[in-house]
Each structure stands twice: as structure tokens, then as C-alpha cells.
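Asker: Here it is: the structure, laid out below.
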Amino acid sequence: MSEIGHNVTLAERARRIRRHALRMGEVQGQGYIAQALGIADVLAVSYFHATRYRAEDPQWEGRDRFLLSIGHYAIALYAALIEAKIIPEDELETYGTDDSRLPMSGMAAYTPGMEITGGSLGHGLGIAVGMALGLKRKASDAFVYNLFSDGELDEGSTWEAAMSASSHKLDNLIGIVDVNQMQADGPSVQVMNFEPLLPKFEAFGWFAQRVDGNDIQALVKAFDIARHHSARQPRIIICDTKMAKGVPFLEARERNHFLRVEPDEWAQAIAIIEAGANL
């Protein structure tokens, strides 16, 4: 992790990440805000406990690579990069506007700390495999973390990448799956039933764990175990998260894959997160 802010708890980091995301969402009045609220705890543990980076030098060669496969989650990653001080907080107000470094879908050429351009689903894990192989050939001790969604489990390329990762014994690769159970077309397992997920990854040769993705202590333990697992195999952390976590009236919406939020509701949502009453 970065050397900044050792006195701030991970729960507070997650709360701030949610607040940054809501403030960006308010700029456009809509977006993939439910995913950002749901994955905030995973991002807090990733950036303030698990990964190694230098905020002042996002391209530092010795950094761990954190890959966002799901380009439409960019608002969530921007919020984490702002909290990590890789992106200045005053850029938050430019989200999704012309000439901004924070476009609505993540693009590596625009944004400091954005390792890849995500978007078309199912590509991130394959890129992560190539990156992990490259780091090994350079004798680097850096890890590659790849965050992807349960919707990407519908893509054959994800499973091809999973098979190649174990074939190459990539013990420097840690996959993180956000299982939030919602896709654009409805509940994930009704679109394509990917369960039972943990034994499937084990069958592909991965060391697999499944945790509550909104339980920070469980996440810390899982990330530590994954990093220090001794066998020469890739690792996966399956994270069950709740869409719109922390804002009850958004959690309750039946279809919250893409949210349109009324102008007065943004202030309500931010007030709930700032109070921290539901986390």
C-alpha cells in the first residue's frame, strides 16, 4: 500500500470512496453508481491494505498492477484513485465532461493509475495473464490484481484466461470477482448460471476463496491469504457484494444496474454516507 494515511481506518476509506463516487455521479445525474457503492469496501482494502504503489509516481516500475476489467466501473476506480491521492480531488467535478481525465468509461490513456482500457467485457483477465507473465520474465516481485464482474463469467475468454493462468503457474496473479448478482438484462444467474463458482475455479487450477465483499475484516484476511499462498498457482477472491451498499433507498431499487437518480436524491444519498449510519 501507499505510505500515506496509516491512521485512517479501512472503513473510513470505504466511506470516503462511496462519497467521492456519489459526488461524481451527481455531476452527470446518472451512472453505474450502484456498482461503485457495492465495490467500495473491496477497493478500500485493495488500495489501503493489499497493493503496493506510489501515489506520486503511478508508473513506478515496482508497483503492483491493479487492472479494472469492467470499464463501466470507472467511477468506482476514480473514487479510489482520488482517495489514494493519485488523482486530485478537485478533478472530481469534471467527471464525464469534455477534456476531463475522468471519462465515463475507463481509458488508460487519460487517467493516472488506470492500467488498462476496459470496456468490452471478458478481456481483463487475459490482459492480466499477459502482464503477470511479463513481470515474471523481468524477475519482478510485483503482483497483478484483476477486478472483473460476474457478468464477465458469461464470456468464454474469461475461462480461457483462467485456464492459461494455471497452466503458466502464475502465482503473482490475484483475480477478484465482484458477484453483485445484477446485469443489464437482469439477475446474473438467470442470464447465465455460473454457480457453483468456487469449485469451478478450483477445477481450473486456481486457489479459490469466497467472502462477503462488504465485510472489511474478511476481505483483509482473504487478500493476505491470497498474497501469501505458497503453491505455484493463481489465486481468486470471489466477493459477494450488495449493489448500492450503504444507501438503502438505492439498494431497494429493483433494477439498479444503471441508475438514474433524481436531483434531490443525490444530497440524500451523500448525507446518508457522510453519517455512516448504514455501513
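By order in the C-alpha cells, chains are A, B, ...; within a chain, residues start at 1; ligands start at 1, following the order shown.
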Apply DSSP to the backbone of this structure and, from segment 91-169 of chain A, keep only the residues in alpha helix (DSSP H); write these as a PyMOL selection string.
Answerer: chain A and resi 124-137+156-167
Asker: Which residues are close to Ala128 of chain A, i.e. within 12 Å by only C-alpha atoms, leaving aside same-chain residues fewer than 3 positions away? Reply as a VMD selection string.
Answerer: chain A and resid 64 to 69 115 to 116 118 122 to 125 131 to 135 143 to 148 158 161 to 162 164 to 165 170 172 to 176 234
Asker: Using only C-alpha atoms for the distances, tell me which of A:Met107, A:Ala252, A:Ala203, A:Ala36 is nearest to Gln233 of chain A.
Answerer: A:Ala203
Asker: Quick one: residues within 10 Å of segment 91-105 of chain A, only C-alpha atoms, excluding same-chain residues fewer than 5 positions away - as a VMD selection string?
Answerer: chain A and resid 20 to 21 23 to 28 31 to 32 70 to 75 78 to 79 82 110 to 112 117 to 119
Asker: Using N, CA and C atoms, can you write the selected residues to a file as a PDB file, in the first residue's frame?
Answerer:
```pdb
ATOM      1  N   HIS A  20     -16.987  10.051  -2.701  1.00  0.00           N
ATOM      2  CA  HIS A  20     -16.399  10.553  -3.957  1.00  0.00           C
ATOM      3  C   HIS A  20     -17.240  10.092  -5.157  1.00  0.00           C
ATOM      4  N   ALA A  21     -17.632   8.815  -5.147  1.00  0.00           N
ATOM      5  CA  ALA A  21     -18.400   8.262  -6.270  1.00  0.00           C
ATOM      6  C   ALA A  21     -19.749   8.966  -6.406  1.00  0.00           C
ATOM      7  N   ARG A  23     -20.523  11.971  -5.447  1.00  0.00           N
ATOM      8  CA  ARG A  23     -20.320  13.351  -5.922  1.00  0.00           C
ATOM      9  C   ARG A  23     -20.070  13.374  -7.434  1.00  0.00           C
ATOM     10  N   MET A  24     -19.330  12.379  -7.938  1.00  0.00           N
ATOM     11  CA  MET A  24     -19.137  12.300  -9.388  1.00  0.00           C
ATOM     12  C   MET A  24     -20.448  11.948 -10.081  1.00  0.00           C
ATOM     13  N   GLY A  25     -21.194  11.023  -9.518  1.00  0.00           N
ATOM     14  CA  GLY A  25     -22.472  10.657 -10.124  1.00  0.00           C
ATOM     15  C   GLY A  25     -23.407  11.840 -10.226  1.00  0.00           C
ATOM     16  N   GLU A  26     -23.364  12.700  -9.248  1.00  0.00           N
ATOM     17  CA  GLU A  26     -24.232  13.879  -9.244  1.00  0.00           C
ATOM     18  C   GLU A  26     -23.914  14.806 -10.416  1.00  0.00           C
ATOM     19  N   VAL A  27     -22.645  14.821 -10.861  1.00  0.00           N
ATOM     20  CA  VAL A  27     -22.265  15.685 -11.988  1.00  0.00           C
ATOM     21  C   VAL A  27     -23.062  15.325 -13.236  1.00  0.00           C
ATOM     22  N   GLN A  28     -23.239  14.005 -13.462  1.00  0.00           N
ATOM     23  CA  GLN A  28     -23.945  13.545 -14.662  1.00  0.00           C
ATOM     24  C   GLN A  28     -25.413  13.213 -14.382  1.00  0.00           C
ATOM     25  N   GLY A  31     -25.690   6.966 -13.758  1.00  0.00           N
ATOM     26  CA  GLY A  31     -24.482   6.189 -13.986  1.00  0.00           C
ATOM     27  C   GLY A  31     -24.498   4.857 -13.261  1.00  0.00           C
ATOM     28  N   TYR A  32     -23.309   4.234 -13.250  1.00  0.00           N
ATOM     29  CA  TYR A  32     -23.146   2.924 -12.620  1.00  0.00           C
ATOM     30  C   TYR A  32     -22.775   3.120 -11.153  1.00  0.00           C
ATOM     31  N   ILE A  70     -13.677  -4.109 -15.965  1.00  0.00           N
ATOM     32  CA  ILE A  70     -15.039  -3.619 -16.219  1.00  0.00           C
ATOM     33  C   ILE A  70     -15.006  -2.097 -16.393  1.00  0.00           C
ATOM     34  N   GLY A  71     -14.916  -1.657 -17.659  1.00  0.00           N
ATOM     35  CA  GLY A  71     -14.740  -0.226 -17.916  1.00  0.00           C
ATOM     36  C   GLY A  71     -15.845   0.635 -17.364  1.00  0.00           C
ATOM     37  N   HIS A  72     -17.071   0.085 -17.276  1.00  0.00           N
ATOM     38  CA  HIS A  72     -18.174   0.915 -16.770  1.00  0.00           C
ATOM     39  C   HIS A  72     -18.124   1.102 -15.265  1.00  0.00           C
ATOM     40  N   TYR A  73     -17.202   0.421 -14.571  1.00  0.00           N
ATOM     41  CA  TYR A  73     -16.985   0.666 -13.142  1.00  0.00           C
ATOM     42  C   TYR A  73     -15.998   1.822 -12.922  1.00  0.00           C
ATOM     43  N   ALA A  74     -15.651   2.556 -13.961  1.00  0.00           N
ATOM     44  CA  ALA A  74     -14.598   3.563 -13.835  1.00  0.00           C
ATOM     45  C   ALA A  74     -14.866   4.535 -12.693  1.00  0.00           C
ATOM     46  N   ILE A  75     -16.116   4.904 -12.503  1.00  0.00           N
ATOM     47  CA  ILE A  75     -16.440   5.854 -11.438  1.00  0.00           C
ATOM     48  C   ILE A  75     -15.987   5.325 -10.068  1.00  0.00           C
ATOM     49  N   TYR A  78     -12.074   5.631 -10.061  1.00  0.00           N
ATOM     50  CA  TYR A  78     -11.691   7.039  -9.893  1.00  0.00           C
ATOM     51  C   TYR A  78     -11.814   7.444  -8.416  1.00  0.00           C
ATOM     52  N   ALA A  79     -12.896   7.008  -7.799  1.00  0.00           N
ATOM     53  CA  ALA A  79     -13.106   7.362  -6.385  1.00  0.00           C
ATOM     54  C   ALA A  79     -11.962   6.828  -5.519  1.00  0.00           C
ATOM     55  N   ILE A  82      -8.794   8.871  -6.275  1.00  0.00           N
ATOM     56  CA  ILE A  82      -8.873  10.178  -5.603  1.00  0.00           C
ATOM     57  C   ILE A  82      -8.532  10.016  -4.127  1.00  0.00           C
ATOM     58  N   TYR A 110      -6.012   8.324 -20.537  1.00  0.00           N
ATOM     59  CA  TYR A 110      -6.484   9.578 -19.960  1.00  0.00           C
ATOM     60  C   TYR A 110      -6.153   9.734 -18.475  1.00  0.00           C
ATOM     61  N   THR A 111      -6.156   8.638 -17.732  1.00  0.00           N
ATOM     62  CA  THR A 111      -6.269   8.724 -16.276  1.00  0.00           C
ATOM     63  C   THR A 111      -5.056   8.152 -15.551  1.00  0.00           C
ATOM     64  N   PRO A 112      -4.388   8.921 -14.722  1.00  0.00           N
ATOM     65  CA  PRO A 112      -3.289   8.376 -13.916  1.00  0.00           C
ATOM     66  C   PRO A 112      -3.777   7.219 -13.044  1.00  0.00           C
ATOM     67  N   THR A 117      -7.415  -0.046 -20.561  1.00  0.00           N
ATOM     68  CA  THR A 117      -8.706   0.440 -21.031  1.00  0.00           C
ATOM     69  C   THR A 117      -9.670  -0.731 -21.057  1.00  0.00           C
ATOM     70  N   GLY A 118     -10.607  -0.728 -20.125  1.00  0.00           N
ATOM     71  CA  GLY A 118     -11.607  -1.785 -20.078  1.00  0.00           C
ATOM     72  C   GLY A 118     -12.774  -1.420 -20.983  1.00  0.00           C
ATOM     73  N   GLY A 119     -13.800  -2.201 -20.934  1.00  0.00           N
ATOM     74  CA  GLY A 119     -14.972  -1.871 -21.739  1.00  0.00           C
ATOM     75  C   GLY A 119     -15.620  -3.117 -22.270  1.00  0.00           C
TER      76      GLY A 119
END
```
Asker: So the first atom is atom CA of Arg16 of chain A and the second is atom CA of Lys242 of chain A; what is the distance between them in Å, to one decimal place?
Answerer: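 Result for atom CA of Arg16 of chain A versus atom CA of Lys242 of chain A: 17.4 Å, one decimal.
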Asker: Which parts of segment 85-269 of chain A does DSSP call strand (DSSP E or B) when run on the backbone here, written out as a PDB file with N, CA, C and O atoms, in the first residue's frame?
Answerer:
```
ATOM      1  N   VAL A 144      -0.148  -8.837  -9.871  1.00  0.00           N
ATOM      2  CA  VAL A 144      -1.207  -8.290 -10.729  1.00  0.00           C
ATOM      3  C   VAL A 144      -2.551  -8.647 -10.100  1.00  0.00           C
ATOM      4  O   VAL A 144      -2.838  -9.824  -9.860  1.00  0.00           O
ATOM      5  N   TYR A 145      -3.341  -7.611  -9.796  1.00  0.00           N
ATOM      6  CA  TYR A 145      -4.708  -7.808  -9.309  1.00  0.00           C
ATOM      7  C   TYR A 145      -5.654  -7.455 -10.454  1.00  0.00           C
ATOM      8  O   TYR A 145      -5.492  -6.416 -11.098  1.00  0.00           O
ATOM      9  N   ASN A 146      -6.625  -8.306 -10.702  1.00  0.00           N
ATOM     10  CA  ASN A 146      -7.574  -8.029 -11.784  1.00  0.00           C
ATOM     11  C   ASN A 146      -9.002  -8.109 -11.248  1.00  0.00           C
ATOM     12  O   ASN A 146      -9.458  -9.171 -10.817  1.00  0.00           O
ATOM     13  N   LEU A 147      -9.690  -6.956 -11.261  1.00  0.00           N
ATOM     14  CA  LEU A 147     -11.078  -6.902 -10.819  1.00  0.00           C
ATOM     15  C   LEU A 147     -11.997  -7.081 -12.016  1.00  0.00           C
ATOM     16  O   LEU A 147     -11.920  -6.311 -12.987  1.00  0.00           O
ATOM     17  N   PHE A 148     -12.850  -8.095 -11.955  1.00  0.00           N
ATOM     18  CA  PHE A 148     -13.835  -8.291 -13.012  1.00  0.00           C
ATOM     19  C   PHE A 148     -15.183  -8.633 -12.399  1.00  0.00           C
ATOM     20  O   PHE A 148     -15.299  -8.865 -11.197  1.00  0.00           O
ATOM     21  N   SER A 149     -16.205  -8.625 -13.238  1.00  0.00           N
ATOM     22  CA  SER A 149     -17.570  -8.750 -12.725  1.00  0.00           C
ATOM     23  C   SER A 149     -18.139 -10.138 -12.969  1.00  0.00           C
ATOM     24  O   SER A 149     -17.627 -10.906 -13.789  1.00  0.00           O
ATOM     25  N   LEU A 173      -0.609 -13.629  -9.736  1.00  0.00           N
ATOM     26  CA  LEU A 173      -1.892 -13.130 -10.248  1.00  0.00           C
ATOM     27  C   LEU A 173      -2.998 -13.397  -9.230  1.00  0.00           C
ATOM     28  O   LEU A 173      -3.174 -14.542  -8.779  1.00  0.00           O
ATOM     29  N   ILE A 174      -3.714 -12.342  -8.870  1.00  0.00           N
ATOM     30  CA  ILE A 174      -4.850 -12.455  -7.944  1.00  0.00           C
ATOM     31  C   ILE A 174      -6.082 -11.870  -8.637  1.00  0.00           C
ATOM     32  O   ILE A 174      -6.141 -10.676  -8.913  1.00  0.00           O
ATOM     33  N   GLY A 175      -7.036 -12.732  -8.959  1.00  0.00           N
ATOM     34  CA  GLY A 175      -8.293 -12.272  -9.538  1.00  0.00           C
ATOM     35  C   GLY A 175      -9.285 -11.919  -8.438  1.00  0.00           C
ATOM     36  O   GLY A 175      -9.276 -12.522  -7.362  1.00  0.00           O
ATOM     37  N   ILE A 176     -10.111 -10.924  -8.717  1.00  0.00           N
ATOM     38  CA  ILE A 176     -11.156 -10.500  -7.772  1.00  0.00           C
ATOM     39  C   ILE A 176     -12.458 -10.444  -8.577  1.00  0.00           C
ATOM     40  O   ILE A 176     -12.562  -9.671  -9.530  1.00  0.00           O
ATOM     41  N   VAL A 177     -13.432 -11.254  -8.213  1.00  0.00           N
ATOM     42  CA  VAL A 177     -14.718 -11.240  -8.918  1.00  0.00           C
ATOM     43  C   VAL A 177     -15.750 -10.515  -8.067  1.00  0.00           C
ATOM     44  O   VAL A 177     -15.963 -10.864  -6.907  1.00  0.00           O
ATOM     45  N   ASP A 178     -16.385  -9.501  -8.653  1.00  0.00           N
ATOM     46  CA  ASP A 178     -17.486  -8.823  -7.975  1.00  0.00           C
ATOM     47  C   ASP A 178     -18.783  -9.540  -8.339  1.00  0.00           C
ATOM     48  O   ASP A 178     -19.296  -9.381  -9.442  1.00  0.00           O
ATOM     49  N   VAL A 179     -19.284 -10.321  -7.395  1.00  0.00           N
ATOM     50  CA  VAL A 179     -20.542 -11.039  -7.619  1.00  0.00           C
ATOM     51  C   VAL A 179     -21.658 -10.200  -6.978  1.00  0.00           C
ATOM     52  O   VAL A 179     -21.984 -10.363  -5.802  1.00  0.00           O
ATOM     53  N   GLN A 183     -27.048  -7.844 -13.765  1.00  0.00           N
ATOM     54  CA  GLN A 183     -26.526  -7.425 -15.060  1.00  0.00           C
ATOM     55  C   GLN A 183     -27.562  -6.527 -15.739  1.00  0.00           C
ATOM     56  O   GLN A 183     -28.676  -6.361 -15.225  1.00  0.00           O
ATOM     57  N   GLY A 186     -30.782  -8.325 -16.183  1.00  0.00           N
ATOM     58  CA  GLY A 186     -31.446  -8.912 -15.030  1.00  0.00           C
ATOM     59  C   GLY A 186     -30.471  -9.642 -14.121  1.00  0.00           C
ATOM     60  O   GLY A 186     -29.255  -9.536 -14.273  1.00  0.00           O
ATOM     61  N   PHE A 207      -6.274 -21.301  -6.695  1.00  0.00           N
ATOM     62  CA  PHE A 207      -6.557 -21.291  -5.256  1.00  0.00           C
ATOM     63  C   PHE A 207      -7.699 -20.313  -5.036  1.00  0.00           C
ATOM     64  O   PHE A 207      -7.573 -19.121  -5.346  1.00  0.00           O
ATOM     65  N   ALA A 208      -8.833 -20.807  -4.553  1.00  0.00           N
ATOM     66  CA  ALA A 208     -10.055 -20.005  -4.527  1.00  0.00           C
ATOM     67  C   ALA A 208     -10.569 -19.777  -3.113  1.00  0.00           C
ATOM     68  O   ALA A 208     -10.528 -20.674  -2.262  1.00  0.00           O
ATOM     69  N   GLN A 209     -11.052 -18.549  -2.880  1.00  0.00           N
ATOM     70  CA  GLN A 209     -11.719 -18.195  -1.628  1.00  0.00           C
ATOM     71  C   GLN A 209     -13.006 -17.450  -1.987  1.00  0.00           C
ATOM     72  O   GLN A 209     -13.082 -16.778  -3.020  1.00  0.00           O
ATOM     73  N   ARG A 210     -14.010 -17.512  -1.104  1.00  0.00           N
ATOM     74  CA  ARG A 210     -15.250 -16.752  -1.304  1.00  0.00           C
ATOM     75  C   ARG A 210     -15.572 -16.016  -0.009  1.00  0.00           C
ATOM     76  O   ARG A 210     -15.580 -16.632   1.073  1.00  0.00           O
ATOM     77  N   VAL A 211     -15.812 -14.715  -0.115  1.00  0.00           N
ATOM     78  CA  VAL A 211     -16.036 -13.897   1.082  1.00  0.00           C
ATOM     79  C   VAL A 211     -17.188 -12.924   0.845  1.00  0.00           C
ATOM     80  O   VAL A 211     -17.577 -12.651  -0.295  1.00  0.00           O
ATOM     81  N   ASP A 212     -17.685 -12.375   1.942  1.00  0.00           N
ATOM     82  CA  ASP A 212     -18.620 -11.255   1.893  1.00  0.00           C
ATOM     83  C   ASP A 212     -17.815 -10.026   1.473  1.00  0.00           C
ATOM     84  O   ASP A 212     -16.953  -9.551   2.200  1.00  0.00           O
ATOM     85  N   ARG A 235      -4.558 -17.115  -7.903  1.00  0.00           N
ATOM     86  CA  ARG A 235      -5.480 -17.038  -6.765  1.00  0.00           C
ATOM     87  C   ARG A 235      -6.717 -16.229  -7.170  1.00  0.00           C
ATOM     88  O   ARG A 235      -6.611 -15.246  -7.908  1.00  0.00           O
ATOM     89  N   ILE A 236      -7.861 -16.614  -6.643  1.00  0.00           N
ATOM     90  CA  ILE A 236      -9.087 -15.877  -6.934  1.00  0.00           C
ATOM     91  C   ILE A 236      -9.814 -15.586  -5.618  1.00  0.00           C
ATOM     92  O   ILE A 236      -9.862 -16.441  -4.737  1.00  0.00           O
ATOM     93  N   ILE A 237     -10.320 -14.361  -5.507  1.00  0.00           N
ATOM     94  CA  ILE A 237     -11.158 -13.995  -4.358  1.00  0.00           C
ATOM     95  C   ILE A 237     -12.544 -13.659  -4.917  1.00  0.00           C
ATOM     96  O   ILE A 237     -12.712 -12.673  -5.643  1.00  0.00           O
ATOM     97  N   ILE A 238     -13.508 -14.491  -4.616  1.00  0.00           N
ATOM     98  CA  ILE A 238     -14.887 -14.290  -5.074  1.00  0.00           C
ATOM     99  C   ILE A 238     -15.591 -13.446  -4.024  1.00  0.00           C
ATOM    100  O   ILE A 238     -15.737 -13.868  -2.871  1.00  0.00           O
ATOM    101  N   CYS A 239     -16.003 -12.236  -4.409  1.00  0.00           N
ATOM    102  CA  CYS A 239     -16.556 -11.276  -3.446  1.00  0.00           C
ATOM    103  C   CYS A 239     -18.058 -11.093  -3.693  1.00  0.00           C
ATOM    104  O   CYS A 239     -18.459 -10.578  -4.744  1.00  0.00           O
ATOM    105  N   ASP A 240     -18.861 -11.515  -2.749  1.00  0.00           N
ATOM    106  CA  ASP A 240     -20.310 -11.284  -2.839  1.00  0.00           C
ATOM    107  C   ASP A 240     -20.604  -9.890  -2.301  1.00  0.00           C
ATOM    108  O   ASP A 240     -20.390  -9.618  -1.111  1.00  0.00           O
ATOM    109  N   LEU A 259     -28.287   3.499 -12.855  1.00  0.00           N
ATOM    110  CA  LEU A 259     -29.227   4.276 -12.049  1.00  0.00           C
ATOM    111  C   LEU A 259     -29.394   5.693 -12.574  1.00  0.00           C
ATOM    112  O   LEU A 259     -28.413   6.384 -12.868  1.00  0.00           O
ATOM    113  N   ARG A 260     -30.645   6.085 -12.668  1.00  0.00           N
ATOM    114  CA  ARG A 260     -30.962   7.498 -12.861  1.00  0.00           C
ATOM    115  C   ARG A 260     -31.509   8.003 -11.533  1.00  0.00           C
ATOM    116  O   ARG A 260     -32.500   7.466 -11.034  1.00  0.00           O
TER     117      ARG A 260
END
```
Asker: Please determine, counting only C-alpha atoms, which residue among A:Met243, A:Ile272, A:Leu37, A:Ile17 has the shortest atom-to-atom distance to Pro187 of chain A.
Answerer: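 Once distances to Pro187 of chain A are computed over only C-alpha atoms, the minimum belongs to A:Met243.
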Asker: Which is closer to His228 of chain A than all the others in A:Ala76, A:Ile86, A:Ala50, A:Leu250, using only C-alpha atoms?
Answerer: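 Distance minimum relative to His228 of chain A lands on A:Ala50.
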Asker: I'd like the interatomic distance between atom CA of Met182 of chain A and atom CA of Ser46 of chain A, to a tenth of an Å.
Answerer: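 Atom-to-atom, atom CA of Met182 of chain A to atom CA of Ser46 of chain A, that is 22.5 Å.
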Asker: When you count only C-alpha atoms, which of these residues is closest to Ala108 of chain A: A:Ala84, A:Ala44, A:Leu77, A:Val261?
Answerer: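 For Ala108 of chain A, the nearest of the given residues is A:Leu77.
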Asker: With only C-alpha atoms as the basis for distance, which of A:Ala244, A:Met163, A:Val8, A:Leu22 is at the shortest distance from Ile270 of chain A?
Answerer: A:Leu22
Asker: Taking only C-alpha atoms into account, name the residue in A:Lys169, A:Ala269, A:Val191, A:Pro263 that is nearest to Lys136 of chain A.
Answerer: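 So, comparing all the options, the nearest one is A:Lys169.
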Asker: Excluding Arg63 of chain A and its own-chain neighbours fewer than 3 positions away, which residues fall within 6 Å of it when counting only C-alpha atoms? Please give them as a list in words.
Answerer: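 Surrounding residues, per the criterion: Arg52, Tyr53 and Trp60 of chain A.
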Asker: How many Å lie between atom CA of Ile216 of chain A and atom CA of Asp41 of chain A, rounded to one decimal?
Answerer: 6.2 Å
Asker: Give me the residues near Phe194 of chain A as a ChimeraX atom specification, where near means some atom within 12 Å (using only C-alpha atoms) and where sequence neighbours in that chain fewer than 5 positions away do not count.
Answerer: /A:149-156,159,179,181,187-189,199-201
